[in-house]
>>> print(open('input-v5.pdb').read())   # PDB, C-alpha atoms and all ligand atoms
ATOM      1  CA  MET A 217       5.509  13.819   1.749
ATOM      2  CA  ARG A 218       7.873  16.468   3.067
ATOM      3  CA  ARG A 219       5.925  19.248   1.381
ATOM      4  CA  VAL A 220       2.754  18.064   3.037
ATOM      5  CA  LEU A 221       4.313  18.038   6.491
ATOM      6  CA  LEU A 222       5.808  21.524   6.410
ATOM      7  CA  PRO A 223       2.565  23.527   6.475
ATOM      8  CA  ALA A 224       1.339  21.436   9.387
ATOM      9  CA  VAL A 225       4.439  22.298  11.410
ATOM     10  CA  ALA A 226       4.058  25.985  10.561
ATOM     11  CA  ALA A 227       0.407  25.919  11.587
ATOM     12  CA  ALA A 228       1.278  24.305  14.896
ATOM     13  CA  ALA A 229       3.840  27.005  15.616
ATOM     14  CA  VAL A 230       1.340  29.764  14.861
ATOM     15  CA  PHE A 231      -1.232  28.082  17.052
ATOM     16  CA  ALA A 232       1.195  27.856  19.972
ATOM     17  CA  ALA A 233       2.190  31.494  19.601
ATOM     18  CA  GLY A 234      -1.456  32.523  19.446
ATOM     19  CA  CYS A 235      -2.171  30.607  22.623
ATOM     20  CA  ALA A 236       0.582  32.285  24.573
ATOM     21  CA  GLY A 237      -0.390  35.720  23.328
ATOM     22  CA  SER A 238      -4.115  35.602  24.006
ATOM     23  CA  GLY A 239      -6.278  35.000  27.071
ATOM     24  CA  GLU A 240      -3.831  33.156  29.283
ATOM     25  CA  SER A 241      -1.798  35.821  30.947
ATOM     26  CA  SER A 242       0.973  35.033  33.399
ATOM     27  CA  GLU A 243       0.543  38.275  35.307
ATOM     28  CA  PRO A 244       0.462  37.430  39.011
ATOM     29  CA  VAL A 245      -2.987  37.634  40.578
ATOM     30  CA  ALA A 246      -3.299  38.457  44.266
ATOM     31  CA  THR A 247      -5.393  35.552  45.487
ATOM     32  CA  THR A 248      -5.078  32.403  47.553
ATOM     33  CA  GLU A 249      -7.639  30.518  45.447
ATOM     34  CA  VAL A 250      -6.563  28.565  42.371
ATOM     35  CA  GLU A 251      -9.063  26.606  40.325
ATOM     36  CA  MET A 252      -8.316  23.666  38.107
ATOM     37  CA  VAL A 253     -10.780  24.730  35.462
ATOM     38  CA  LYS A 254     -11.941  22.632  32.580
ATOM     39  CA  SER A 255      -9.453  21.800  29.847
ATOM     40  CA  TYR A 256      -6.324  21.288  31.927
ATOM     41  CA  ARG A 257      -5.438  24.675  33.348
ATOM     42  CA  PHE A 258      -4.603  26.278  36.651
ATOM     43  CA  ASP A 259      -6.513  29.546  36.913
ATOM     44  CA  PRO A 260      -4.952  31.908  37.674
ATOM     45  CA  LYS A 261      -1.648  30.442  36.550
ATOM     46  CA  VAL A 262       0.458  32.748  38.734
ATOM     47  CA  VAL A 263      -0.722  33.913  42.131
ATOM     48  CA  GLU A 264       0.889  36.275  44.583
ATOM     49  CA  ILE A 265       0.402  35.869  48.326
ATOM     50  CA  ARG A 266       1.936  36.963  51.598
ATOM     51  CA  ALA A 267       4.187  34.727  53.679
ATOM     52  CA  GLY A 268       2.043  32.660  56.015
ATOM     53  CA  ASN A 269      -0.917  32.537  53.618
ATOM     54  CA  THR A 270      -2.482  29.276  52.505
ATOM     55  CA  VAL A 271      -3.204  28.586  48.844
ATOM     56  CA  THR A 272      -6.171  26.362  48.067
ATOM     57  CA  TRP A 273      -6.480  24.511  44.767
ATOM     58  CA  THR A 274      -9.971  23.383  43.812
ATOM     59  CA  ASN A 275     -10.541  20.863  41.074
ATOM     60  CA  GLU A 276     -13.494  21.995  38.934
ATOM     61  CA  ASP A 277     -12.430  19.830  36.007
ATOM     62  CA  ASN A 278     -13.827  16.439  35.029
ATOM     63  CA  PHE A 279     -10.478  14.751  35.654
ATOM     64  CA  THR A 280      -8.185  14.072  38.583
ATOM     65  CA  HIS A 281      -5.276  16.482  38.827
ATOM     66  CA  THR A 282      -2.357  16.875  41.202
ATOM     67  CA  VAL A 283      -0.358  19.652  42.784
ATOM     68  CA  GLU A 284       3.369  19.083  43.143
ATOM     69  CA  VAL A 285       5.411  22.054  44.242
ATOM     70  CA  ASP A 286       8.988  21.635  43.012
ATOM     71  CA  GLY A 287      10.967  19.559  45.485
ATOM     72  CA  GLN A 288       7.894  18.633  47.524
ATOM     73  CA  GLU A 289       5.388  15.813  47.735
ATOM     74  CA  ASP A 290       2.789  15.250  45.003
ATOM     75  CA  HIS A 291      -0.860  15.606  46.080
ATOM     76  CA  LYS A 292      -3.771  14.145  44.177
ATOM     77  CA  VAL A 293      -6.862  16.354  43.897
ATOM     78  CA  GLU A 294      -9.941  14.453  42.778
ATOM     79  CA  GLN A 295     -12.810  16.028  40.891
ATOM     80  CA  GLY A 296     -14.714  18.416  43.182
ATOM     81  CA  GLU A 297     -12.062  18.304  45.911
ATOM     82  CA  SER A 298      -9.679  20.899  47.257
ATOM     83  CA  PHE A 299      -6.144  20.849  48.557
ATOM     84  CA  SER A 300      -4.253  23.525  50.480
ATOM     85  CA  ILE A 301      -0.623  24.360  51.142
ATOM     86  CA  LYS A 302       0.618  27.005  53.578
ATOM     87  CA  PHE A 303       3.600  29.003  52.374
ATOM     88  CA  ASP A 304       5.725  30.425  55.175
ATOM     89  CA  GLU A 305       8.888  31.399  53.332
ATOM     90  CA  PRO A 306       9.035  34.181  50.726
ATOM     91  CA  GLY A 307      10.072  33.018  47.290
ATOM     92  CA  THR A 308       8.754  31.827  43.947
ATOM     93  CA  TYR A 309       7.316  28.333  43.986
ATOM     94  CA  HIS A 310       6.760  26.564  40.680
ATOM     95  CA  TYR A 311       4.314  23.668  40.654
ATOM     96  CA  VAL A 312       2.843  21.188  38.193
ATOM     97  CA  CYS A 313       0.062  18.684  37.841
ATOM     98  CA  THR A 314       2.185  15.564  37.439
ATOM     99  CA  LEU A 315      -0.564  13.851  35.418
ATOM    100  CA  HIS A 316      -0.573  16.633  32.805
ATOM    101  CA  SER A 317       2.781  18.297  33.332
ATOM    102  CA  LYS A 318       2.993  19.443  29.719
ATOM    103  CA  ASP A 319      -0.173  21.532  30.020
ATOM    104  CA  MET A 320      -0.656  22.278  33.687
ATOM    105  CA  ASP A 321       1.812  24.286  35.669
ATOM    106  CA  GLY A 322       1.774  27.434  37.702
ATOM    107  CA  GLU A 323       3.577  29.576  40.223
ATOM    108  CA  VAL A 324       3.006  30.852  43.712
ATOM    109  CA  ILE A 325       4.915  34.012  44.487
ATOM    110  CA  VAL A 326       5.258  34.499  48.232
ATOM    111  CA  LYS A 327       6.123  38.033  49.328
TER     112      LYS A 327
HETATM  113 CU    CU B 401      -3.882  17.567  35.613
END
>>> encode(input="input-v5.pdb", output="structure tokens")
Amino acid sequence: MRRVLLPAVAAAAVFAAGCAGSGESSEPVATTEVEMVKSYRFDPKVVEIRAGNTVTWTNEDNFTHTVEVDGQEDHKVEQGESFSIKFDEPGTYHYVCTLHSKDMDGEVIVK
């Protein structure tokens, strides 16, 4: 049994590494629009804005998602709906979808 399990673990590790290395970059993108695209992602994952700007999340996925900035209230965003937060103070704000916190998180960098 143990010998059967080992290759599966190795394959999972390679898969995870491949995921992080390809397509999904964490380079900040200068935009105030974040989409919840299909398959549980915030796109772009990291955005950079100016203090006083408002970030709008739009749910383009087939599932309900949420936006919860660390230390703040959780906001449900239904399919096809949008939600906005104004960021007045410079800093780096991490946020998650509390329904899929393992897969969906992102950052707003306020300059
Ligand atoms: Cu979600």
>>> residues_near_ligand(input="input-v5.pdb", ligand="ligand CU 401 (chain B)", cutoff="7 Å", atoms="only C-alpha atoms and all ligand atoms", output="number ranges by chain")
A: 256, 280-282, 313-316, 320
>>> write_last_selection(input="input-v5.pdb", atoms="C-alpha atoms", output="PDB file, in the coordinates of the input")
ATOM      1  CA  TYR A 256      -6.324  21.288  31.927  1.00  0.00           C
ATOM      2  CA  THR A 280      -8.185  14.072  38.583  1.00  0.00           C
ATOM      3  CA  HIS A 281      -5.276  16.482  38.827  1.00  0.00           C
ATOM      4  CA  THR A 282      -2.357  16.875  41.202  1.00  0.00           C
ATOM      5  CA  CYS A 313       0.062  18.684  37.841  1.00  0.00           C
ATOM      6  CA  THR A 314       2.185  15.564  37.439  1.00  0.00           C
ATOM      7  CA  LEU A 315      -0.564  13.851  35.418  1.00  0.00           C
ATOM      8  CA  HIS A 316      -0.573  16.633  32.805  1.00  0.00           C
ATOM      9  CA  MET A 320      -0.656  22.278  33.687  1.00  0.00           C
TER      10      MET A 320
END
>>> residues_around(input="input-v5.pdb", residues="Asp304 in chain A", least_positions_apart="4", cutoff="12 Å", atoms="all atoms listed in the file", output="list of chain:residue names")
A:Ile265, A:Arg266, A:Ala267, A:Gly268, A:Asn269, A:Thr270, A:Val271, A:Thr308, A:Tyr309, A:Val324, A:Ile325, A:Val326, A:Lys327
>>> closest_residue(input="input-v5.pdb", among="A:Lys254, A:Ser317, A:Val245, A:Phe299", to="Phe279 in chain A", atoms="all atoms listed in the file")
A:Lys254
>>> closest_residue(input="input-v5.pdb", among="A:Ile301, A:Val312, A:Val253, A:Val293", to="Asp277 in chain A", atoms="all atoms listed in the file")
A:Val253
>>> atom_distance(input="input-v5.pdb", atom1="CA of Asp321 in chain A", atom2="CA of Phe258 in chain A")
6.8 Å
>>> resolve_selection(input="input-v5.pdb", expression="the PyMOL selection byres (((chain A and resi 249) around 8) and not hetatm)", output="list in words")
Thr247, Thr248, Val250, Glu251, Val271, Thr272, Trp273 and Thr274 of chain A
>>> atom_distance(input="input-v5.pdb", atom1="CA of Val283 in chain A", atom2="CA of Ser242 in chain A")
18.1 Å
>>> atom_distance(input="input-v5.pdb", atom1="CA of Asn278 in chain A", atom2="CA of Ala246 in chain A")
26.1 Å
>>> closest_residue(input="input-v5.pdb", among="A:Glu276, A:Asp286, A:Asp319, A:Asp259", to="Ser298 in chain A", atoms="all atoms listed in the file")
A:Glu276
>>> residues_around(input="input-v5.pdb", residues="Gly287 in chain A", least_positions_apart="3", cutoff="10 Å", atoms="only C-alpha atoms", output="mmCIF file with C-alpha atoms, keeping the file's coordinate frame")
data_model
loop_
_atom_site.group_PDB
_atom_site.id
_atom_site.type_symbol
_atom_site.label_atom_id
_atom_site.label_comp_id
_atom_site.auth_asym_id
_atom_site.auth_seq_id
_atom_site.Cartn_x
_atom_site.Cartn_y
_atom_site.Cartn_z
ATOM 1 C CA GLU A 284 3.369 19.083 43.143
ATOM 2 C CA ASP A 290 2.789 15.250 45.003
ATOM 3 C CA TYR A 309 7.316 28.333 43.986
ATOM 4 C CA HIS A 310 6.760 26.564 40.680
ATOM 5 C CA TYR A 311 4.314 23.668 40.654
#
>>> closest_residue(input="input-v5.pdb", among="A:Glu264, A:Glu294, A:Glu243, A:Glu289", to="Gly307 in chain A", atoms="all atoms listed in the file")
A:Glu264
>>> closest_residue(input="input-v5.pdb", among="A:Pro244, A:Lys302, A:Val263, A:Arg257", to="Lys318 in chain A", atoms="only C-alpha atoms")
A:Arg257
